[in-house]
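Below is the file final.pdb, which contains PDB, C-alpha atoms and all ligand atoms.
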MODEL        1
ATOM      1  CA  MET A   1      14.454  39.136 -23.886  1.00  0.00           C
ATOM      2  CA  HIS A   2      11.268  37.132 -24.350  1.00  0.00           C
ATOM      3  CA  ILE A   3      13.192  34.054 -25.649  1.00  0.00           C
ATOM      4  CA  HIS A   4      15.654  34.306 -22.812  1.00  0.00           C
ATOM      5  CA  ARG A   5      12.792  34.049 -20.286  1.00  0.00           C
ATOM      6  CA  LEU A   6      11.326  31.011 -22.060  1.00  0.00           C
ATOM      7  CA  GLU A   7      14.706  29.262 -21.983  1.00  0.00           C
ATOM      8  CA  LYS A   8      14.986  29.972 -18.305  1.00  0.00           C
ATOM      9  CA  ILE A   9      11.563  28.474 -17.694  1.00  0.00           C
ATOM     10  CA  TRP A  10      12.403  25.338 -19.679  1.00  0.00           C
ATOM     11  CA  LEU A  11      15.728  25.004 -17.937  1.00  0.00           C
ATOM     12  CA  THR A  12      13.948  25.214 -14.590  1.00  0.00           C
ATOM     13  CA  VAL A  13      11.343  22.665 -15.695  1.00  0.00           C
ATOM     14  CA  GLY A  14      14.129  20.387 -16.935  1.00  0.00           C
ATOM     15  CA  ILE A  15      16.018  20.537 -13.673  1.00  0.00           C
ATOM     16  CA  ALA A  16      12.811  20.015 -11.713  1.00  0.00           C
ATOM     17  CA  MET A  17      11.996  16.935 -13.824  1.00  0.00           C
ATOM     18  CA  LEU A  18      15.502  15.600 -13.255  1.00  0.00           C
ATOM     19  CA  PHE A  19      15.001  15.865  -9.503  1.00  0.00           C
ATOM     20  CA  VAL A  20      11.575  14.227  -9.783  1.00  0.00           C
ATOM     21  CA  PHE A  21      13.098  11.279 -11.675  1.00  0.00           C
ATOM     22  CA  LEU A  22      16.002  10.984  -9.264  1.00  0.00           C
ATOM     23  CA  GLY A  23      13.500  11.106  -6.436  1.00  0.00           C
ATOM     24  CA  VAL A  24      11.367   8.350  -7.965  1.00  0.00           C
ATOM     25  CA  ILE A  25      14.423   6.152  -8.548  1.00  0.00           C
ATOM     26  CA  GLY A  26      15.725   6.856  -5.074  1.00  0.00           C
ATOM     27  CA  VAL A  27      12.389   6.166  -3.402  1.00  0.00           C
ATOM     28  CA  SER A  28      11.782   2.931  -5.301  1.00  0.00           C
ATOM     29  CA  ALA A  29      15.326   1.692  -4.587  1.00  0.00           C
ATOM     30  CA  PHE A  30      14.827   2.571  -0.935  1.00  0.00           C
ATOM     31  CA  ALA A  31      11.447   0.832  -0.850  1.00  0.00           C
ATOM     32  CA  MET A  32      12.889  -2.287  -2.457  1.00  0.00           C
ATOM     33  CA  GLY A  33      15.799  -2.349  -0.073  1.00  0.00           C
ATOM     34  CA  THR A  34      13.649  -2.023   3.011  1.00  0.00           C
ATOM     35  CA  GLN A  35      10.793  -4.345   2.116  1.00  0.00           C
ATOM     36  CA  PRO A  36      10.447  -6.826   4.944  1.00  0.00           C
ATOM     37  CA  PRO A  37      11.396 -10.299   3.745  1.00  0.00           C
ATOM     38  CA  SER A  38       8.657 -12.895   4.183  1.00  0.00           C
ATOM     39  CA  ARG A  39      11.181 -15.174   5.847  1.00  0.00           C
ATOM     40  CA  HIS A  40      13.559 -13.749   8.299  1.00  0.00           C
ATOM     41  CA  HIS A  41      16.779 -15.618   8.929  1.00  0.00           C
ATOM     42  CA  HIS A  42      19.147 -15.422  11.764  1.00  0.00           C
ATOM     43  CA  MET A  43      21.779 -17.872  12.891  1.00  0.00           C
ATOM     44  CA  ILE A  44      21.987 -20.178  15.873  1.00  0.00           C
ATOM     45  CA  ASP A  45      24.313 -23.052  16.760  1.00  0.00           C
ATOM     46  CA  PRO A  46      22.755 -26.123  15.063  1.00  0.00           C
ATOM     47  CA  ALA A  47      24.368 -28.418  17.655  1.00  0.00           C
ATOM     48  CA  LYS A  48      22.623 -26.589  20.511  1.00  0.00           C
ATOM     49  CA  VAL A  49      19.102 -26.142  19.141  1.00  0.00           C
ATOM     50  CA  ASN A  50      17.442 -27.832  22.097  1.00  0.00           C
ATOM     51  CA  GLU A  51      19.258 -25.525  24.523  1.00  0.00           C
ATOM     52  CA  THR A  52      18.717 -22.343  22.525  1.00  0.00           C
ATOM     53  CA  ALA A  53      15.668 -20.129  23.088  1.00  0.00           C
ATOM     54  CA  PRO A  54      12.991 -20.291  21.861  1.00  0.00           C
ATOM     55  CA  PHE A  55      13.656 -23.867  20.694  1.00  0.00           C
ATOM     56  CA  ASN A  56      14.383 -25.117  24.204  1.00  0.00           C
ATOM     57  CA  GLN A  57      10.625 -24.801  24.688  1.00  0.00           C
ATOM     58  CA  PRO A  58       8.788 -25.795  21.518  1.00  0.00           C
ATOM     59  CA  GLY A  59       5.055 -25.282  21.467  1.00  0.00           C
ATOM     60  CA  VAL A  60       2.212 -22.971  20.614  1.00  0.00           C
ATOM     61  CA  PHE A  61       2.008 -19.812  22.700  1.00  0.00           C
ATOM     62  CA  GLN A  62      -0.594 -17.077  22.661  1.00  0.00           C
ATOM     63  CA  VAL A  63       1.132 -13.754  21.997  1.00  0.00           C
ATOM     64  CA  GLY A  64      -1.860 -11.529  21.228  1.00  0.00           C
ATOM     65  CA  LYS A  65      -5.646 -11.524  21.211  1.00  0.00           C
ATOM     66  CA  THR A  66      -5.791 -13.696  18.077  1.00  0.00           C
ATOM     67  CA  GLU A  67      -2.068 -14.259  17.610  1.00  0.00           C
ATOM     68  CA  TYR A  68       0.012 -17.278  18.405  1.00  0.00           C
ATOM     69  CA  GLU A  69       3.655 -18.137  18.085  1.00  0.00           C
ATOM     70  CA  ALA A  70       4.416 -21.732  17.100  1.00  0.00           C
ATOM     71  CA  VAL A  71       7.971 -22.762  17.929  1.00  0.00           C
ATOM     72  CA  ILE A  72       8.901 -25.909  16.040  1.00  0.00           C
ATOM     73  CA  VAL A  73      12.043 -28.024  15.892  1.00  0.00           C
ATOM     74  CA  SER A  74      12.496 -30.325  12.904  1.00  0.00           C
ATOM     75  CA  TYR A  75      14.620 -33.440  12.823  1.00  0.00           C
ATOM     76  CA  ALA A  76      14.962 -36.591  10.730  1.00  0.00           C
ATOM     77  CA  PHE A  77      12.109 -37.477  10.558  1.00  0.00           C
ATOM     78  CA  GLY A  78       9.612 -35.342  12.397  1.00  0.00           C
ATOM     79  CA  TYR A  79       8.684 -32.071  14.037  1.00  0.00           C
ATOM     80  CA  THR A  80       8.577 -31.174  17.687  1.00  0.00           C
ATOM     81  CA  GLY A  81       5.709 -28.763  18.080  1.00  0.00           C
ATOM     82  CA  GLY A  82       5.223 -29.075  21.797  1.00  0.00           C
ATOM     83  CA  PRO A  83       6.200 -30.941  24.923  1.00  0.00           C
ATOM     84  CA  GLU A  84       5.967 -34.740  24.886  1.00  0.00           C
ATOM     85  CA  GLU A  85       2.786 -34.762  26.958  1.00  0.00           C
ATOM     86  CA  GLN A  86       1.031 -32.389  24.534  1.00  0.00           C
ATOM     87  CA  PRO A  87       2.593 -32.689  21.099  1.00  0.00           C
ATOM     88  CA  GLU A  88      -0.462 -31.443  19.211  1.00  0.00           C
ATOM     89  CA  MET A  89      -0.564 -27.894  18.015  1.00  0.00           C
ATOM     90  CA  ARG A  90      -3.969 -26.265  18.392  1.00  0.00           C
ATOM     91  CA  VAL A  91      -5.235 -22.743  17.752  1.00  0.00           C
ATOM     92  CA  PRO A  92      -8.738 -21.261  17.512  1.00  0.00           C
ATOM     93  CA  ALA A  93     -10.096 -20.418  14.047  1.00  0.00           C
ATOM     94  CA  GLY A  94      -9.223 -16.876  12.999  1.00  0.00           C
ATOM     95  CA  SER A  95      -5.804 -16.980  14.611  1.00  0.00           C
ATOM     96  CA  THR A  96      -2.678 -15.629  13.033  1.00  0.00           C
ATOM     97  CA  VAL A  97       0.139 -18.053  13.692  1.00  0.00           C
ATOM     98  CA  HIS A  98       3.743 -16.902  13.586  1.00  0.00           C
ATOM     99  CA  PHE A  99       5.814 -20.004  12.890  1.00  0.00           C
ATOM    100  CA  THR A 100       9.411 -20.018  14.077  1.00  0.00           C
ATOM    101  CA  ALA A 101      11.290 -23.137  13.087  1.00  0.00           C
ATOM    102  CA  THR A 102      14.710 -24.622  12.589  1.00  0.00           C
ATOM    103  CA  SER A 103      16.404 -27.961  11.961  1.00  0.00           C
ATOM    104  CA  THR A 104      18.637 -29.983  14.247  1.00  0.00           C
ATOM    105  CA  ASP A 105      20.308 -32.066  11.544  1.00  0.00           C
ATOM    106  CA  VAL A 106      19.784 -31.745   7.789  1.00  0.00           C
ATOM    107  CA  VAL A 107      17.718 -29.472   5.542  1.00  0.00           C
ATOM    108  CA  HIS A 108      13.995 -30.089   5.945  1.00  0.00           C
ATOM    109  CA  GLY A 109      10.913 -28.516   4.453  1.00  0.00           C
ATOM    110  CA  PHE A 110       7.954 -26.961   6.224  1.00  0.00           C
ATOM    111  CA  GLU A 111       4.920 -26.730   4.001  1.00  0.00           C
ATOM    112  CA  ILE A 112       1.243 -26.413   4.804  1.00  0.00           C
ATOM    113  CA  PRO A 113      -0.580 -27.241   1.560  1.00  0.00           C
ATOM    114  CA  GLY A 114      -3.280 -24.728   0.679  1.00  0.00           C
ATOM    115  CA  THR A 115      -1.545 -21.857   2.493  1.00  0.00           C
ATOM    116  CA  ASN A 116       1.385 -19.534   1.849  1.00  0.00           C
ATOM    117  CA  VAL A 117       3.422 -21.454   4.418  1.00  0.00           C
ATOM    118  CA  ASN A 118       6.399 -23.027   2.667  1.00  0.00           C
ATOM    119  CA  MET A 119       9.798 -22.733   4.274  1.00  0.00           C
ATOM    120  CA  MET A 120      13.141 -24.429   4.019  1.00  0.00           C
ATOM    121  CA  LEU A 121      14.543 -25.318   7.416  1.00  0.00           C
ATOM    122  CA  VAL A 122      18.309 -25.146   7.354  1.00  0.00           C
ATOM    123  CA  PRO A 123      20.439 -26.263  10.320  1.00  0.00           C
ATOM    124  CA  GLY A 124      21.671 -23.161  12.111  1.00  0.00           C
ATOM    125  CA  GLU A 125      19.060 -20.878  10.556  1.00  0.00           C
ATOM    126  CA  VAL A 126      15.851 -19.640  12.131  1.00  0.00           C
ATOM    127  CA  SER A 127      12.993 -19.475   9.619  1.00  0.00           C
ATOM    128  CA  GLN A 128       9.800 -17.527  10.197  1.00  0.00           C
ATOM    129  CA  VAL A 129       6.510 -17.179   8.393  1.00  0.00           C
ATOM    130  CA  SER A 130       3.034 -16.096   9.457  1.00  0.00           C
ATOM    131  CA  HIS A 131      -0.387 -17.241   8.345  1.00  0.00           C
ATOM    132  CA  THR A 132      -3.966 -16.536   9.410  1.00  0.00           C
ATOM    133  CA  PHE A 133      -6.127 -19.642   9.684  1.00  0.00           C
ATOM    134  CA  ASP A 134      -9.745 -18.640   9.156  1.00  0.00           C
ATOM    135  CA  ARG A 135     -11.164 -22.093   8.522  1.00  0.00           C
ATOM    136  CA  LYS A 136     -11.414 -24.883  11.035  1.00  0.00           C
ATOM    137  CA  GLY A 137      -9.735 -28.134  10.238  1.00  0.00           C
ATOM    138  CA  GLU A 138      -6.607 -30.197  10.459  1.00  0.00           C
ATOM    139  CA  TYR A 139      -3.756 -28.694   8.523  1.00  0.00           C
ATOM    140  CA  LEU A 140      -1.033 -31.059   7.464  1.00  0.00           C
ATOM    141  CA  ILE A 141       2.531 -29.854   7.880  1.00  0.00           C
ATOM    142  CA  LEU A 142       4.849 -31.640   5.457  1.00  0.00           C
ATOM    143  CA  CYS A 143       8.532 -31.916   4.736  1.00  0.00           C
ATOM    144  CA  ASN A 144       9.083 -31.096   1.077  1.00  0.00           C
ATOM    145  CA  GLU A 145      12.880 -31.334   1.015  1.00  0.00           C
ATOM    146  CA  TYR A 146      14.303 -34.805   0.522  1.00  0.00           C
ATOM    147  CA  CYS A 147      16.035 -35.578   3.807  1.00  0.00           C
ATOM    148  CA  GLY A 148      16.540 -39.358   3.879  1.00  0.00           C
ATOM    149  CA  THR A 149      14.769 -42.676   4.200  1.00  0.00           C
ATOM    150  CA  GLY A 150      11.957 -41.333   6.406  1.00  0.00           C
ATOM    151  CA  HIS A 151      11.305 -38.230   4.320  1.00  0.00           C
ATOM    152  CA  GLU A 152       7.929 -39.403   3.030  1.00  0.00           C
ATOM    153  CA  TYR A 153       6.646 -39.916   6.562  1.00  0.00           C
ATOM    154  CA  MET A 154       7.914 -36.642   7.960  1.00  0.00           C
ATOM    155  CA  MET A 155       4.811 -34.684   8.865  1.00  0.00           C
ATOM    156  CA  THR A 156       2.786 -33.230  11.690  1.00  0.00           C
ATOM    157  CA  LYS A 157      -0.409 -31.228  11.923  1.00  0.00           C
ATOM    158  CA  LEU A 158      -1.913 -28.042  13.183  1.00  0.00           C
ATOM    159  CA  ILE A 159      -5.461 -28.264  14.452  1.00  0.00           C
ATOM    160  CA  VAL A 160      -7.618 -25.173  13.929  1.00  0.00           C
ATOM    161  CA  GLU A 161     -10.731 -25.479  16.084  1.00  0.00           C
TER
HETATM  162 CU1  LIG B 201      12.554 -33.867   6.348  1.00  0.00          CU
HETATM  163 CU2  LIG B 201      12.148 -34.545   4.118  1.00  0.00          CU
ENDMDL
END
Transcribe the structure of this file into structure tokens.
Ligand code: CUA
Amino acid sequence: MHIHRLEKIWLTVGIAMLFVFLGVIGVSAFAMGTQPPSRHHHMIDPAKVNETAPFNQPGVFQVGKTEYEAVIVSYAFGYTGGPEEQPEMRVPAGSTVHFTATSTDVVHGFEIPGTNVNMMLVPGEVSQVSHTFDRKGEYLILCNEYCGTGHEYMMTKLIVE
């Protein structure tokens, strides 16, 4: 009688542990599956980039108190980060910038040395990354994917003031 009770307890503990393990596995698999990717991709028509929102209006737009969206179109061999009359991208220090970029022709890079910003810009794909710029200065934006004869000169800058 006494042994029977002990077995029952252990059986219960065993089953409980099994559920705990299954729960842990399930939760971690769920967490891994739902982790937001640092770069979100969705598709657009690469032949119609300049007509497709938001790329029909490249530039830096304030979207929150200290948040900006930078819409950038890359091409061989440069970046359009604003209208012709104001091509410079400027944000105040302390701003979080959400970069949204794509390519009109071939694969380009989008790297800001010294930050976590490092994207591949693929024609037809929209790439996004965010970064908070606490320090003032001129941040170089470089192409780090070989894209042709002008690759080495493909760059622009973000001014944090
Ligand atoms: Cu664009 Cu290298």
Kindly resolve the PyMOL selection byres (((chain A and resi 62-79) around 7) and not hetatm) on the present coordinates and return the residues as a list in words. Pro54, Phe55, Pro58, Gly59, Val60, Phe61, Thr80, Gly81, Gly94, Ser95, Thr96, Val97, His98, Phe99, Thr100, Ala101, Thr102, Ser103, Thr104, Asp105, Gly150, His151, Met154, Met155 and Thr156 of chain A
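One distance worth recording is that between atom CA of Leu121 of chain A and atom CA of Tyr153 of chain A, which is 16.6 Å.
Note that atom CA of His108 of chain A and atom CA of Gly124 of chain A are 12.0 Å apart.
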Suppose a student applies the PyMOL selection byres (((chain A and resi 46) around 10) and not hetatm) to this structure; what residues should they get, written as a PyMOL selection string? chain A and resi 43-45+47-50+52+102-106+122-126
Among the residues A:Val129, A:Val107, A:Ala53, A:Leu11, the one that comes closest to ligand LIG 201 (chain B) [using only C-alpha atoms and all ligand atoms]: A:Val107
So which residues get picked by the PyMOL selection byres (((chain A and resi 135) around 8) and not hetatm) here, written as a list of chain:residue names? A:Ala93, A:Gly94, A:Phe133, A:Asp134, A:Lys136, A:Gly137, A:Val160
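Computed from the coordinates, the atom CA of Phe110 of chain A to atom CA of Leu140 of chain A distance equals 10.0 Å.
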Of the candidates A:Ala16, A:Glu51, A:Arg5, A:Val91, which one gets nearest to Glu161 of chain A if we count all atoms listed in the file? A:Val91
For a quick check of understanding, using all atoms listed in the file, which of A:Ile9, A:Cys143, A:Met17, A:His42 has the smallest distance to Gln128 of chain A? A:His42
Would you kindly place N, CA and C atoms on segment 127-147 of chain A and return the model as a PDB file, in the frame of the given file?
ATOM      1  N   SER A 127      13.914 -19.868  10.685  1.00  0.00           N
ATOM      2  CA  SER A 127      12.993 -19.475   9.619  1.00  0.00           C
ATOM      3  C   SER A 127      11.657 -19.071  10.220  1.00  0.00           C
ATOM      4  N   GLN A 128      11.069 -18.019   9.663  1.00  0.00           N
ATOM      5  CA  GLN A 128       9.800 -17.527  10.197  1.00  0.00           C
ATOM      6  C   GLN A 128       8.825 -17.203   9.079  1.00  0.00           C
ATOM      7  N   VAL A 129       7.577 -17.528   9.332  1.00  0.00           N
ATOM      8  CA  VAL A 129       6.510 -17.179   8.393  1.00  0.00           C
ATOM      9  C   VAL A 129       5.218 -17.094   9.205  1.00  0.00           C
ATOM     10  N   SER A 130       4.301 -16.258   8.744  1.00  0.00           N
ATOM     11  CA  SER A 130       3.034 -16.096   9.457  1.00  0.00           C
ATOM     12  C   SER A 130       1.870 -16.438   8.533  1.00  0.00           C
ATOM     13  N   HIS A 131       0.815 -16.945   9.132  1.00  0.00           N
ATOM     14  CA  HIS A 131      -0.387 -17.241   8.345  1.00  0.00           C
ATOM     15  C   HIS A 131      -1.614 -17.136   9.244  1.00  0.00           C
ATOM     16  N   THR A 132      -2.703 -16.620   8.677  1.00  0.00           N
ATOM     17  CA  THR A 132      -3.966 -16.536   9.410  1.00  0.00           C
ATOM     18  C   THR A 132      -4.861 -17.691   8.971  1.00  0.00           C
ATOM     19  N   PHE A 133      -5.302 -18.468   9.952  1.00  0.00           N
ATOM     20  CA  PHE A 133      -6.127 -19.642   9.684  1.00  0.00           C
ATOM     21  C   PHE A 133      -7.584 -19.310   9.994  1.00  0.00           C
ATOM     22  N   ASP A 134      -8.350 -19.017   8.962  1.00  0.00           N
ATOM     23  CA  ASP A 134      -9.745 -18.640   9.156  1.00  0.00           C
ATOM     24  C   ASP A 134     -10.665 -19.851   9.230  1.00  0.00           C
ATOM     25  N   ARG A 135     -10.286 -20.920   8.576  1.00  0.00           N
ATOM     26  CA  ARG A 135     -11.164 -22.093   8.522  1.00  0.00           C
ATOM     27  C   ARG A 135     -10.714 -23.188   9.471  1.00  0.00           C
ATOM     28  N   LYS A 136     -11.699 -23.774  10.128  1.00  0.00           N
ATOM     29  CA  LYS A 136     -11.414 -24.883  11.035  1.00  0.00           C
ATOM     30  C   LYS A 136     -10.939 -26.092  10.238  1.00  0.00           C
ATOM     31  N   GLY A 137     -10.168 -26.906  10.899  1.00  0.00           N
ATOM     32  CA  GLY A 137      -9.735 -28.134  10.238  1.00  0.00           C
ATOM     33  C   GLY A 137      -8.371 -28.574  10.709  1.00  0.00           C
ATOM     34  N   GLU A 138      -7.937 -29.693  10.155  1.00  0.00           N
ATOM     35  CA  GLU A 138      -6.607 -30.197  10.459  1.00  0.00           C
ATOM     36  C   GLU A 138      -5.697 -29.866   9.288  1.00  0.00           C
ATOM     37  N   TYR A 139      -4.680 -29.103   9.563  1.00  0.00           N
ATOM     38  CA  TYR A 139      -3.756 -28.694   8.523  1.00  0.00           C
ATOM     39  C   TYR A 139      -2.492 -29.541   8.611  1.00  0.00           C
ATOM     40  N   LEU A 140      -2.214 -30.217   7.532  1.00  0.00           N
ATOM     41  CA  LEU A 140      -1.033 -31.059   7.464  1.00  0.00           C
ATOM     42  C   LEU A 140       0.216 -30.189   7.297  1.00  0.00           C
ATOM     43  N   ILE A 141       1.235 -30.512   8.036  1.00  0.00           N
ATOM     44  CA  ILE A 141       2.531 -29.854   7.880  1.00  0.00           C
ATOM     45  C   ILE A 141       3.487 -30.910   7.327  1.00  0.00           C
ATOM     46  N   LEU A 142       4.048 -30.642   6.166  1.00  0.00           N
ATOM     47  CA  LEU A 142       4.849 -31.640   5.457  1.00  0.00           C
ATOM     48  C   LEU A 142       6.280 -31.192   5.244  1.00  0.00           C
ATOM     49  N   CYS A 143       7.160 -32.192   5.150  1.00  0.00           N
ATOM     50  CA  CYS A 143       8.532 -31.916   4.736  1.00  0.00           C
ATOM     51  C   CYS A 143       8.588 -32.079   3.224  1.00  0.00           C
ATOM     52  N   ASN A 144       9.008 -31.023   2.537  1.00  0.00           N
ATOM     53  CA  ASN A 144       9.083 -31.096   1.077  1.00  0.00           C
ATOM     54  C   ASN A 144      10.515 -30.982   0.559  1.00  0.00           C
ATOM     55  N   GLU A 145      11.481 -31.267   1.449  1.00  0.00           N
ATOM     56  CA  GLU A 145      12.880 -31.334   1.015  1.00  0.00           C
ATOM     57  C   GLU A 145      13.330 -32.757   1.294  1.00  0.00           C
ATOM     58  N   TYR A 146      13.883 -33.422   0.290  1.00  0.00           N
ATOM     59  CA  TYR A 146      14.303 -34.805   0.522  1.00  0.00           C
ATOM     60  C   TYR A 146      15.376 -34.834   1.615  1.00  0.00           C
ATOM     61  N   CYS A 147      15.132 -35.619   2.666  1.00  0.00           N
ATOM     62  CA  CYS A 147      16.035 -35.578   3.807  1.00  0.00           C
ATOM     63  C   CYS A 147      16.474 -36.972   4.267  1.00  0.00           C
TER      64      CYS A 147
END
